[in-house]
$ cat upload09.cif   # mmCIF, C-alpha atoms
data_my_file
#
loop_
_atom_site.label_atom_id
_atom_site.label_comp_id
_atom_site.auth_asym_id
_atom_site.auth_seq_id
_atom_site.Cartn_x
_atom_site.Cartn_y
_atom_site.Cartn_z
CA MET H 26 126.72 147.25 145.41
CA SER H 27 125.15 149.31 148.15
CA ALA H 28 122.06 147.08 148.41
CA SER H 29 124.03 143.84 148.35
CA PRO H 30 124.94 143.47 152.04
CA THR H 31 121.30 143.34 153.04
CA PHE H 32 120.58 140.91 150.19
CA VAL H 33 123.50 138.69 151.14
CA ALA H 34 122.60 138.80 154.82
CA ARG H 35 118.95 138.08 154.14
CA THR H 36 119.73 135.16 151.83
CA GLY H 37 122.09 133.78 154.45
CA ASN H 38 119.46 134.08 157.18
CA PHE H 39 116.89 132.40 154.98
CA PHE H 40 119.14 129.42 154.37
CA HIS H 41 120.19 129.15 157.98
CA ARG H 42 116.58 129.21 159.16
CA TYR H 43 115.11 126.75 156.66
CA ALA H 44 118.01 124.57 155.66
CA ASN H 45 120.07 124.07 158.79
CA PRO H 46 120.81 120.39 159.43
CA GLY H 47 118.29 120.05 162.27
CA GLN H 48 115.44 121.65 160.30
CA PHE H 49 116.47 119.62 157.29
CA LEU H 50 116.09 116.34 159.18
CA LYS H 51 112.54 117.27 160.20
CA LEU H 52 111.61 118.60 156.77
CA GLY H 53 113.30 115.69 154.99
CA ALA H 54 111.49 113.06 157.03
CA ARG H 55 108.14 114.66 156.12
CA LEU H 56 109.14 115.19 152.48
CA GLN H 57 110.60 111.75 151.83
CA PRO H 58 107.38 109.75 151.21
CA TRP H 59 106.05 112.56 148.98
CA LEU H 60 109.16 112.21 146.81
CA THR H 61 109.68 108.46 146.85
CA TRP H 62 106.19 107.16 146.08
CA PRO H 63 105.24 109.61 143.33
CA ALA H 64 108.70 108.99 141.81
CA ILE H 65 108.15 105.22 141.65
CA LEU H 66 104.58 105.61 140.40
CA LEU H 67 105.34 108.22 137.72
CA THR H 68 108.50 106.50 136.49
CA LEU H 69 106.75 103.15 136.13
CA THR H 70 103.74 104.77 134.40
CA GLY H 71 105.89 106.87 132.08
CA LEU H 72 108.29 104.06 131.16
CA GLY H 73 105.49 101.48 130.80
CA TRP H 74 103.53 103.84 128.56
CA GLY H 75 106.60 104.81 126.56
CA LEU H 76 108.05 101.32 126.15
CA PHE H 77 104.85 99.39 125.46
CA PHE H 78 101.94 101.64 124.50
CA SER H 79 103.26 104.73 122.72
CA PRO H 80 103.52 104.56 118.92
CA ALA H 81 106.80 103.75 117.19
CA ASP H 82 108.49 106.55 115.22
CA TRP H 83 107.87 106.73 111.48
CA GLN H 84 111.56 106.47 110.59
CA GLN H 85 113.29 105.20 113.75
CA GLY H 86 110.74 102.49 114.52
CA ASP H 87 110.93 100.96 118.00
CA SER H 88 114.47 102.28 118.59
CA VAL H 89 112.86 105.62 119.49
CA ARG H 90 111.75 104.09 122.82
CA ILE H 91 115.29 104.49 124.19
CA MET H 92 114.34 108.19 124.30
CA TYR H 93 112.08 107.63 127.35
CA VAL H 94 115.17 106.76 129.41
CA HIS H 95 117.82 108.77 127.57
CA VAL H 96 116.18 112.21 127.60
CA PRO H 97 115.22 112.26 131.33
CA ALA H 98 118.72 110.98 132.16
CA ALA H 99 120.27 113.76 130.07
CA ILE H 100 118.11 116.46 131.71
CA LEU H 101 118.96 115.14 135.18
CA ALA H 102 122.67 114.92 134.41
CA SER H 103 122.73 118.67 133.75
CA ALA H 104 120.24 119.52 136.51
CA GLY H 105 122.24 117.49 139.04
CA TYR H 106 125.41 119.38 138.18
CA ALA H 107 123.53 122.68 138.44
CA GLY H 108 122.58 121.48 141.94
CA LEU H 109 126.26 120.84 142.72
CA ALA H 110 127.15 124.34 141.50
CA ILE H 111 124.46 125.91 143.73
CA CYS H 112 125.78 123.89 146.68
CA GLY H 113 129.25 125.16 145.80
CA LEU H 114 128.06 128.76 145.84
CA LEU H 115 126.27 128.31 149.18
CA SER H 116 129.33 126.64 150.61
CA LEU H 117 131.87 129.23 149.43
CA VAL H 118 129.86 132.37 150.18
CA TRP H 119 127.68 131.45 153.15
CA ARG H 120 129.74 128.51 154.52
CA HIS H 121 126.53 126.54 154.72
CA PRO H 122 127.22 123.14 156.33
CA LEU H 123 124.22 121.43 154.71
CA ALA H 124 125.36 122.49 151.24
CA ASP H 125 128.62 120.59 151.74
CA LEU H 126 126.84 117.46 152.92
CA ALA H 127 124.41 117.69 149.96
CA ALA H 128 127.30 118.15 147.50
CA VAL H 129 128.95 114.97 148.81
CA GLU H 130 125.70 113.08 148.22
CA ILE H 131 124.66 114.58 144.84
CA GLY H 132 127.96 113.62 143.17
CA PRO H 133 127.60 109.83 142.87
CA VAL H 134 123.89 110.05 141.96
CA GLY H 135 124.63 112.59 139.22
CA ALA H 136 127.57 110.57 137.91
CA SER H 137 125.37 107.47 137.69
CA ILE H 138 122.62 109.25 135.78
CA THR H 139 125.23 110.79 133.43
CA ALA H 140 126.65 107.32 132.81
CA LEU H 141 123.10 106.10 132.08
CA CYS H 142 122.64 108.99 129.63
CA LEU H 143 125.90 108.16 127.83
CA ALA H 144 125.18 104.41 127.75
CA THR H 145 121.63 104.74 126.41
CA GLY H 146 122.79 107.36 123.90
CA SER H 147 125.44 104.97 122.64
CA LEU H 148 122.92 102.12 122.36
CA TRP H 149 120.62 104.46 120.44
CA GLY H 150 123.38 105.79 118.20
CA LYS H 151 124.52 102.41 116.89
CA PRO H 152 121.25 101.36 115.18
CA MET H 153 120.23 104.89 114.06
CA TRP H 154 123.38 106.83 113.19
CA GLY H 155 125.49 103.76 112.52
CA THR H 156 128.07 104.42 115.24
CA TRP H 157 128.41 103.92 119.01
CA TRP H 158 130.29 107.16 119.52
CA VAL H 159 131.44 110.27 117.65
CA TRP H 160 133.43 113.22 118.95
CA ASP H 161 130.80 115.86 118.18
CA ALA H 162 130.22 118.84 120.45
CA ARG H 163 127.15 117.46 122.28
CA LEU H 164 128.54 114.02 123.02
CA THR H 165 131.96 115.35 124.01
CA SER H 166 130.57 118.04 126.33
CA VAL H 167 128.42 115.43 128.14
CA LEU H 168 131.49 113.17 128.50
CA VAL H 169 133.31 116.17 130.02
CA LEU H 170 130.39 116.54 132.45
CA PHE H 171 130.80 112.89 133.46
CA PHE H 172 134.50 113.45 134.20
CA LEU H 173 133.66 116.62 136.15
CA TYR H 174 131.34 114.51 138.33
CA LEU H 175 134.09 111.90 138.85
CA GLY H 176 136.58 114.64 139.70
CA HIS H 177 134.15 116.17 142.19
CA ILE H 178 133.49 112.79 143.83
CA ALA H 179 137.22 112.17 144.22
CA LEU H 180 138.15 115.70 145.32
CA ILE H 181 135.51 116.11 148.02
CA ARG H 182 136.74 112.89 149.69
CA ALA H 183 140.46 113.45 149.11
CA PHE H 184 141.44 115.37 152.25
CA ASP H 185 141.86 114.26 155.84
CA ASP H 186 140.29 117.54 156.89
CA PRO H 187 136.84 117.38 155.23
CA GLN H 188 136.52 121.21 155.25
CA ARG H 189 139.40 121.52 152.79
CA GLY H 190 137.79 118.93 150.52
CA TYR H 191 134.48 120.81 150.65
CA LYS H 192 136.16 124.05 149.61
CA ALA H 193 138.14 122.53 146.75
CA ALA H 194 135.12 120.61 145.47
CA ALA H 195 132.92 123.73 145.66
CA ILE H 196 135.40 125.59 143.44
CA LEU H 197 135.46 122.67 140.99
CA ALA H 198 131.63 122.54 140.94
CA LEU H 199 131.40 126.28 140.14
CA ALA H 200 134.14 126.16 137.50
CA GLY H 201 132.62 123.08 135.89
CA ALA H 202 129.26 124.83 135.59
CA VAL H 203 130.72 126.53 132.50
CA ASP H 204 130.10 123.18 130.75
CA LEU H 205 126.32 123.37 131.29
CA PRO H 206 125.52 126.11 128.72
CA ILE H 207 127.99 124.43 126.34
CA ILE H 208 126.01 121.17 126.58
CA LYS H 209 122.69 122.97 126.15
CA PHE H 210 123.67 125.11 123.16
CA SER H 211 126.22 122.79 121.51
CA VAL H 212 123.63 121.58 119.02
CA GLN H 213 122.83 125.19 118.01
CA TRP H 214 126.30 126.77 117.99
CA TRP H 215 128.04 124.07 115.96
CA ASN H 216 126.86 121.44 113.53
CA THR H 217 126.76 118.07 115.29
CA LEU H 218 125.66 114.53 114.56
CA HIS H 219 123.28 114.82 117.51
CA GLN H 220 119.99 116.41 116.50
CA PRO H 221 118.83 119.75 118.02
CA ASP H 222 116.33 119.87 120.91
CA SER H 223 112.76 118.81 120.11
CA ILE H 224 111.31 120.63 123.11
CA THR H 225 112.15 124.35 123.21
CA LEU H 226 110.84 127.32 125.14
CA THR H 227 109.92 129.25 121.99
CA GLY H 228 108.41 126.83 119.48
CA ALA H 229 105.87 124.00 119.51
CA PRO H 230 107.48 120.67 120.41
CA THR H 231 108.43 118.82 117.22
CA MET H 232 107.19 115.62 118.78
CA SER H 233 103.82 113.95 118.55
CA SER H 234 101.83 114.43 121.77
CA SER H 235 101.41 110.64 121.94
CA MET H 236 105.18 110.46 122.60
CA LEU H 237 105.50 113.72 124.54
CA TRP H 238 103.16 112.65 127.37
CA PRO H 239 104.97 109.44 128.34
CA LEU H 240 108.27 111.33 128.03
CA ALA H 241 107.03 114.10 130.35
CA LEU H 242 105.79 111.53 132.91
CA SER H 243 109.02 109.55 132.95
CA ALA H 244 111.08 112.77 133.11
CA LEU H 245 109.02 113.98 136.10
CA GLY H 246 109.19 110.55 137.75
CA MET H 247 112.94 110.19 137.30
CA GLY H 248 113.42 113.79 138.48
CA LEU H 249 111.50 113.09 141.69
CA GLY H 250 113.45 109.85 142.04
CA PHE H 251 116.72 111.77 141.79
CA ALA H 252 115.50 114.20 144.46
CA ALA H 253 114.28 111.33 146.66
CA ILE H 254 117.66 109.56 146.52
CA VAL H 255 119.58 112.79 147.21
CA VAL H 256 117.32 113.72 150.14
CA ALA H 257 117.58 110.21 151.62
CA ARG H 258 121.38 110.18 151.26
CA THR H 259 121.70 113.68 152.73
CA ARG H 260 119.51 112.76 155.71
CA ALA H 261 121.68 109.74 156.32
CA ALA H 262 124.80 111.93 156.08
CA VAL H 263 123.42 114.43 158.60
CA MET H 264 122.57 111.63 161.02
CA GLU H 265 125.98 110.07 160.50
CA SER H 266 127.78 113.32 161.26
CA ARG H 267 125.70 113.72 164.42
CA ILE H 268 126.53 110.21 165.58
CA ARG H 269 130.21 110.85 164.84
CA ALA H 270 130.04 114.04 166.90
CA LEU H 271 128.41 112.16 169.78
CA LEU H 272 130.90 109.31 169.67
CA SER H 273 133.89 111.62 169.67
CA SER H 274 132.55 114.00 172.30
CA PRO H 275 134.84 114.46 175.31
CA ARG H 276 132.25 113.20 177.80
CA ARG H 277 131.97 109.85 176.08
CA ARG H 278 135.71 109.54 175.84
CA GLY H 279 135.90 110.24 179.51
CA ASN H 280 133.39 107.48 180.27
CA ALA H 281 135.24 104.98 178.11
CA ALA H 282 138.47 105.69 179.93
CA MET A 26 131.17 145.29 152.91
CA THR A 27 130.87 142.15 154.98
CA ARG A 28 133.07 139.13 154.39
CA LYS A 29 130.16 137.19 152.91
CA THR A 30 129.45 139.95 150.39
CA ARG A 31 133.13 140.10 149.47
CA ARG A 32 133.17 136.35 148.93
CA LEU A 33 130.01 136.55 146.79
CA TRP A 34 131.53 139.20 144.51
CA LEU A 35 134.76 137.24 144.33
CA VAL A 36 132.88 134.11 143.22
CA ILE A 37 130.84 136.11 140.68
CA ALA A 38 134.02 137.70 139.28
CA CYS A 39 135.82 134.36 139.03
CA VAL A 40 132.89 132.63 137.31
CA ALA A 41 132.48 135.58 134.90
CA CYS A 42 136.20 135.50 134.00
CA LEU A 43 136.15 131.75 133.53
CA GLY A 44 133.00 131.98 131.41
CA THR A 45 134.56 134.66 129.22
CA ALA A 46 137.74 132.62 128.83
CA ALA A 47 135.76 129.52 127.87
CA ALA A 48 133.65 131.51 125.38
CA LEU A 49 136.77 132.98 123.73
CA ILE A 50 138.47 129.58 123.50
CA LEU A 51 135.36 128.00 121.98
CA ARG A 52 135.04 130.87 119.49
CA ALA A 53 138.67 130.51 118.48
CA PHE A 54 138.34 126.76 117.93
CA SER A 55 134.87 127.00 116.40
CA SER A 56 136.00 125.66 113.03
CA ASP A 57 137.49 122.57 114.72
CA ILE A 58 134.50 121.93 116.97
CA VAL A 59 132.04 121.62 114.07
CA PHE A 60 131.47 117.96 113.34
CA PHE A 61 131.27 118.24 109.55
CA VAL A 62 131.90 120.61 106.64
CA THR A 63 129.22 121.46 104.09
CA PRO A 64 129.37 120.74 100.35
CA SER A 65 129.65 124.46 99.55
CA GLN A 66 132.70 124.74 101.85
CA VAL A 67 134.27 121.72 100.16
CA VAL A 68 133.63 123.12 96.68
CA ALA A 69 134.81 126.63 97.59
CA SER A 70 138.08 125.52 99.17
CA PRO A 71 138.81 121.82 98.61
CA PRO A 72 140.90 120.29 101.41
CA PRO A 73 144.07 118.33 100.44
CA LYS A 74 143.38 114.95 98.88
CA ASP A 75 144.94 112.96 101.71
CA ARG A 76 143.10 114.72 104.53
CA THR A 77 140.12 112.85 106.03
CA VAL A 78 137.11 115.14 106.27
CA LYS A 79 133.52 114.72 107.38
CA LEU A 80 131.02 115.94 104.81
CA GLY A 81 127.49 116.67 106.00
CA GLY A 82 124.37 117.44 104.02
CA MET A 83 121.12 116.14 102.58
CA VAL A 84 120.90 113.21 100.14
CA VAL A 85 119.49 114.63 96.89
CA ALA A 86 116.23 112.94 95.83
CA GLY A 87 116.70 110.76 92.75
CA SER A 88 120.50 110.77 92.94
CA VAL A 89 120.99 107.43 94.72
CA HIS A 90 122.45 104.62 92.60
CA ARG A 91 123.05 101.26 94.24
CA GLU A 92 125.19 98.58 92.60
CA ARG A 93 127.04 95.48 93.67
CA LYS A 94 130.74 94.81 93.35
CA GLY A 95 130.93 91.12 94.08
CA GLU A 96 129.52 90.81 97.59
CA THR A 97 129.86 94.46 98.66
CA PRO A 98 127.14 96.95 97.85
CA VAL A 99 128.35 100.14 96.19
CA ALA A 100 126.34 103.34 96.49
CA THR A 101 126.68 106.68 94.72
CA PHE A 102 124.63 109.67 95.77
CA ASN A 103 124.74 113.46 95.79
CA VAL A 104 124.94 115.38 99.06
CA THR A 105 123.82 119.00 99.11
CA ASP A 106 123.44 121.91 101.49
CA GLY A 107 121.18 123.80 99.08
CA GLN A 108 124.03 125.74 97.47
CA ALA A 109 126.45 123.12 96.18
CA ALA A 110 126.40 119.37 95.67
CA VAL A 111 129.13 116.74 96.02
CA THR A 112 128.92 113.18 94.66
CA VAL A 113 129.72 110.60 97.33
CA HIS A 114 131.01 107.13 96.43
CA TYR A 115 130.73 104.53 99.16
CA GLU A 116 131.48 100.81 99.32
CA GLY A 117 129.72 99.09 102.18
CA ILE A 118 126.41 98.79 104.01
CA LEU A 119 124.52 102.05 104.46
CA PRO A 120 122.79 102.70 107.83
CA ASP A 121 119.09 101.82 108.11
CA LEU A 122 118.04 105.45 108.26
CA PHE A 123 119.73 106.27 104.95
CA ARG A 124 117.18 107.52 102.41
CA GLU A 125 116.62 110.29 99.90
CA GLY A 126 116.15 113.58 101.74
CA GLN A 127 117.92 112.29 104.88
CA SER A 128 120.82 114.21 106.36
CA VAL A 129 124.00 112.16 106.33
CA VAL A 130 127.62 112.59 107.36
CA ALA A 131 130.12 110.93 105.03
CA ILE A 132 133.68 110.40 106.32
CA GLY A 133 136.38 110.14 103.68
CA THR A 134 138.49 112.18 101.28
CA VAL A 135 137.61 114.80 98.70
CA GLN A 136 138.40 114.05 95.05
CA PRO A 137 138.23 117.54 93.50
CA PRO A 138 136.22 119.12 92.22
CA HIS A 139 132.92 117.43 93.04
CA ASP A 140 133.60 113.86 94.13
CA PHE A 141 134.04 112.32 97.57
CA ALA A 142 135.31 108.85 98.43
CA ALA A 143 133.65 107.82 101.68
CA THR A 144 134.95 105.12 104.02
CA GLU A 145 132.01 105.49 106.40
CA VAL A 146 128.49 106.95 106.11
CA LEU A 147 126.49 107.99 109.19
CA ALA A 148 122.81 108.88 109.12
CA LYS A 149 121.78 112.05 110.96
CA HIS A 150 118.12 112.12 111.92
CA ASP A 151 116.25 115.33 112.70
CA GLU A 152 114.49 116.38 115.91
CA THR A 153 110.97 115.46 114.75
CA TYR A 154 109.25 112.43 116.21
CA MET A 155 105.89 111.24 114.89
CA PRO A 156 104.02 107.95 114.53
CA LYS A 157 104.06 106.22 111.14
CA GLU A 158 100.34 106.89 110.63
CA VAL A 159 100.75 110.65 111.13
CA ALA A 160 103.64 110.72 108.65
CA GLU A 161 101.46 108.84 106.16
CA ALA A 162 98.56 111.27 106.66
CA LEU A 163 100.85 114.28 106.05
CA LYS A 164 102.26 112.66 102.93
CA LYS A 165 98.77 111.72 101.63
CA ALA A 166 97.52 115.26 102.24
CA GLY A 167 100.37 116.55 100.11
CA LYS A 168 101.75 118.58 103.02
CA TRP A 169 105.10 116.84 103.17
CA ASP A 170 107.42 114.81 101.03
CA PRO A 171 110.29 113.45 103.16
CA ARG A 172 112.50 113.29 100.06
CA PHE A 173 112.58 117.08 99.81
CA GLY A 174 113.03 118.35 103.32
CA PRO A 175 111.75 118.63 106.86
CA PRO A 176 108.08 118.23 107.83
CA PRO A 177 105.71 121.24 108.08
CA SER A 178 105.51 123.29 111.30
CA ALA A 179 104.95 121.15 114.38
CA GLU A 180 101.65 122.86 115.35
CA SER A 181 100.01 121.33 112.29
CA TRP A 182 100.63 117.75 113.36
CA ASN A 183 101.89 117.28 116.91
CA GLN A 184 98.36 116.95 118.35
CA MET A 185 97.23 114.49 115.65
CA THR A 186 96.54 111.06 117.13
CA VAL A 187 97.10 107.77 115.35
CA GLN A 188 93.31 107.34 115.09
CA ASP A 189 92.86 110.79 113.48
CA ALA A 190 95.64 110.02 111.08
CA ARG A 191 94.11 106.67 110.09
CA LYS A 192 90.77 108.40 109.49
CA ASN A 193 92.40 111.12 107.39
CA THR A 194 94.31 108.60 105.33
CA ALA A 195 91.18 106.48 104.76
CA THR A 196 88.89 109.34 103.68
CA GLN A 197 91.36 111.17 101.48
CA PRO A 198 91.84 109.91 97.95
CA ALA A 199 95.44 109.20 97.11
CA THR A 200 96.79 112.36 95.51
CA ASN A 201 100.23 111.21 94.56
#

$ encode --input "upload09.cif" --output "structure tokens"
Amino acid sequence: MSASPTFVARTGNFFHRYANPGQFLKLGARLQPWLTWPAILLTLTGLGWGLFFSPADWQQGDSVRIMYVHVPAAILASAGYAGLAICGLLSLVWRHPLADLAAVEIGPVGASITALCLATGSLWGKPMWGTWWVWDARLTSVLVLFFLYLGHIALIRAFDDPQRGYKAAAILALAGAVDLPIIKFSVQWWNTLHQPDSITLTGAPTMSSSMLWPLALSALGMGLGFAAIVVARTRAAVMESRIRALLSSPRRRGNAA
Amino acid sequence: MTRKTRRLWLVIACVACLGTAAALILRAFSSDIVFFVTPSQVVASPPPKDRTVKLGGMVVAGSVHRERKGETPVATFNVTDGQAAVTVHYEGILPDLFREGQSVVAIGTVQPPHDFAATEVLAKHDETYMPKEVAEALKKAGKWDPRFGPPPSAESWNQMTVQDARKNTATQPATN
């Protein structure tokens, strides 16, 4: 505990220097094209390769191609919520203004990608498993994640004083992060209808490289796309808050009167 | 201790408590969270006849009998987890992925000691993905028979291209 004040102070300084709203606008404007264009290019390449040129699976046939959308969406659903939790931590501990703005903007994007994950999973489940939906641990924990996103979206906008909404939503984001390891390990801890992960840190991927490459490209592309949308939305939010501040400044009010 | 540090420790403590609580709850309800029970569990302690259970396991090779009762297909097959086997009776259309050696989940009631009346059968596929040609090459080489279990370790086939597989299949004489 003795070393922690310096660590906390240093981390705080780091964030205030490199991620304050003004710096973020400059950095974001430079970063934006490097996120947007590679995202479009990689997603189109990965999806085109996966949907039209990769081989069909030996037992699932062409249905396996849903994977090239479903798996990146699933990864991003969890990664997006991890982002919300980090924003929550920065907001609660360091009162970082940019973290609150980012949390407002990550919510709807993460909820959409989680909905995409659930929808594609359902479409994949019907022809392969024989059912649209089952209440197994993996599917249920991802549905819980979707509701956590919806709750976060509602809570952060629910107060007249935005600061109170930020605080409540940050607590929800951190508490909800408990769901992330449950999603990840659900297929190992309990038996489920959903199959275990094909790509693990320890073993060789149990997936032919002819399917792994398009999957990796579309996952990278959709990941960059997620980042591009969040950065664009956050930039817009920063500009909006500045304009609001200008419009409601006492000098302007004085002029209007 | 500054206020920021105090807030950081407070957040860490809260998240740790919440994580522990969640872990304990999940441990306590572990037997309800599992999606299916195994044949050896069903044989060891059969649930009451009127309780709907989900039975999961592998379809035993050579145990599948398909008949027709009027218009509806009727299937009988054994499901095993390697230690015990239960005979499943099912009236209806089986999913496309149903085959010998496939993992399935049958939903229905247990008829002790070793029979199971299913109202629904779901196919559970594994986490391996490979092109048809690679699967054929592995089967031809005698390295894998899908009726008896999962494919060999992924290193031995995940770099094999469709072209390699076609070549292997063409040059090797059929061994089965």

$ residues_around --input "upload09.cif" --residues "Thr77 in chain A" --least-positions-apart "5" --cutoff "10 Å" --atoms "all atoms listed in the file" --output "number ranges by chain"
A: 72, 132-135, 142-144

$ atom_distance --input "upload09.cif" --atom1 "CA of Ser88 in chain A" --atom2 "CA of Asn103 in chain A"
5.8 Å

$ axis_aligned_box --input "upload09.cif" --around "range 121-132 of chain A" --padding-each-side "8 Å" --output "JSON"
{"center_x": 124.9, "center_y": 108.0, "center_z": 104.1, "size_x": 33.5, "size_y": 28.4, "size_z": 24.4}

$ resolve_selection --input "upload09.cif" --expression "the PyMOL selection byres ((chain H) within 7 of (chain A))" --output "PyMOL selection string"
chain H and resi 29-30+33+80-84+118-119+153-155+161-162+200+203+215-218+220-223+229-235

$ atom_distance --input "upload09.cif" --atom1 "CA of Phe173 in chain A" --atom2 "CA of Gly126 in chain A"
5.4 Å

$ atom_distance --input "upload09.cif" --atom1 "CA of Ile208 in chain H" --atom2 "CA of Leu237 in chain H"
21.9 Å

$ resolve_selection --input "upload09.cif" --expression "the PyMOL selection byres ((chain H and resi 107) around 12)" --output "JSON, numbers by chain"
{"H": [100, 101, 102, 103, 104, 105, 106, 108, 109, 110, 111, 112, 113, 114, 128, 131, 132, 135, 170, 174, 195, 198, 199, 200, 201, 202, 203, 204, 205, 206]}

$ resolve_selection --input "upload09.cif" --expression "the PyMOL selection byres ((chain H and resi 250) around 10)" --output "NGL selection string"
:H and (60-68 or 244-249 or 251-256)

$ closest_residue --input "upload09.cif" --among "H:Ile138, H:Ala262, H:Leu271, H:Ile207" --to "Phe171 in chain H" --atoms "only C-alpha atoms"
H:Ile138

$ closest_residue --input "upload09.cif" --among "H:Leu164, H:Val159, H:Ala179, H:Val134" --to "Ser211 in chain H" --atoms "only C-alpha atoms"
H:Leu164

$ residues_around --input "upload09.cif" --residues "Leu240 in chain H" --least-positions-apart "5" --cutoff "7 Å" --atoms "only C-alpha atoms" --output "ChimeraX atom specification"
/H:71,75,93

$ decode --input "upload09.cif" --residues "range 176-234 of chain H" --atoms "C-alpha atoms" --output "mmCIF file, in the first residue's frame"
data_model
loop_
_atom_site.group_PDB
_atom_site.id
_atom_site.type_symbol
_atom_site.label_atom_id
_atom_site.label_comp_id
_atom_site.auth_asym_id
_atom_site.auth_seq_id
_atom_site.Cartn_x
_atom_site.Cartn_y
_atom_site.Cartn_z
ATOM 1 C CA GLY H 176 -29.221 -1.023 -18.397
ATOM 2 C CA HIS H 177 -26.027 1.009 -18.792
ATOM 3 C CA ILE H 178 -27.449 2.934 -21.757
ATOM 4 C CA ALA H 179 -30.591 3.783 -19.794
ATOM 5 C CA LEU H 180 -28.859 4.583 -16.493
ATOM 6 C CA ILE H 181 -26.197 6.928 -17.870
ATOM 7 C CA ARG H 182 -28.941 9.063 -19.491
ATOM 8 C CA ALA H 183 -31.461 8.818 -16.654
ATOM 9 C CA PHE H 184 -30.482 11.821 -14.512
ATOM 10 C CA ASP H 185 -30.969 15.539 -15.036
ATOM 11 C CA ASP H 186 -27.522 16.045 -13.555
ATOM 12 C CA PRO H 187 -25.281 14.056 -15.944
ATOM 13 C CA GLN H 188 -22.578 13.615 -13.249
ATOM 14 C CA ARG H 189 -24.923 11.462 -11.165
ATOM 15 C CA GLY H 190 -25.723 9.331 -14.209
ATOM 16 C CA TYR H 191 -22.002 8.899 -14.940
ATOM 17 C CA LYS H 192 -21.349 7.700 -11.403
ATOM 18 C CA ALA H 193 -24.251 5.250 -11.303
ATOM 19 C CA ALA H 194 -23.404 3.871 -14.746
ATOM 20 C CA ALA H 195 -19.720 3.478 -13.806
ATOM 21 C CA ILE H 196 -20.723 1.354 -10.810
ATOM 22 C CA LEU H 197 -23.020 -0.741 -13.019
ATOM 23 C CA ALA H 198 -20.237 -1.187 -15.608
ATOM 24 C CA LEU H 199 -17.779 -2.417 -12.936
ATOM 25 C CA ALA H 200 -20.321 -4.713 -11.275
ATOM 26 C CA GLY H 201 -21.402 -6.132 -14.630
ATOM 27 C CA ALA H 202 -17.798 -6.978 -15.493
ATOM 28 C CA VAL H 203 -18.282 -10.067 -13.289
ATOM 29 C CA ASP H 204 -20.226 -11.492 -16.256
ATOM 30 C CA LEU H 205 -17.186 -11.384 -18.571
ATOM 31 C CA PRO H 206 -15.218 -14.315 -17.046
ATOM 32 C CA ILE H 207 -18.510 -16.216 -16.743
ATOM 33 C CA ILE H 208 -19.081 -15.835 -20.501
ATOM 34 C CA LYS H 209 -15.500 -16.807 -21.304
ATOM 35 C CA PHE H 210 -15.320 -19.896 -19.079
ATOM 36 C CA SER H 211 -18.976 -21.000 -19.199
ATOM 37 C CA VAL H 212 -18.179 -23.608 -21.839
ATOM 38 C CA GLN H 213 -15.417 -25.085 -19.633
ATOM 39 C CA TRP H 214 -17.012 -24.904 -16.181
ATOM 40 C CA TRP H 215 -20.365 -26.424 -17.120
ATOM 41 C CA ASN H 216 -21.542 -28.665 -19.914
ATOM 42 C CA THR H 217 -23.360 -26.568 -22.511
ATOM 43 C CA LEU H 218 -24.918 -27.025 -25.929
ATOM 44 C CA HIS H 219 -22.493 -24.395 -27.219
ATOM 45 C CA GLN H 220 -19.154 -25.917 -28.170
ATOM 46 C CA PRO H 221 -15.904 -24.912 -26.366
ATOM 47 C CA ASP H 222 -13.512 -22.336 -27.867
ATOM 48 C CA SER H 223 -11.628 -23.392 -31.008
ATOM 49 C CA ILE H 224 -8.919 -20.784 -30.529
ATOM 50 C CA THR H 225 -7.142 -20.997 -27.165
ATOM 51 C CA LEU H 226 -3.955 -19.556 -25.729
ATOM 52 C CA THR H 227 -2.502 -22.976 -24.912
ATOM 53 C CA GLY H 228 -3.306 -25.352 -27.767
ATOM 54 C CA ALA H 229 -3.210 -25.291 -31.561
ATOM 55 C CA PRO H 230 -6.427 -23.858 -33.033
ATOM 56 C CA THR H 231 -8.809 -26.710 -33.859
ATOM 57 C CA MET H 232 -9.699 -24.957 -37.074
ATOM 58 C CA SER H 233 -8.271 -25.362 -40.542
ATOM 59 C CA SER H 234 -5.976 -22.442 -41.429
#
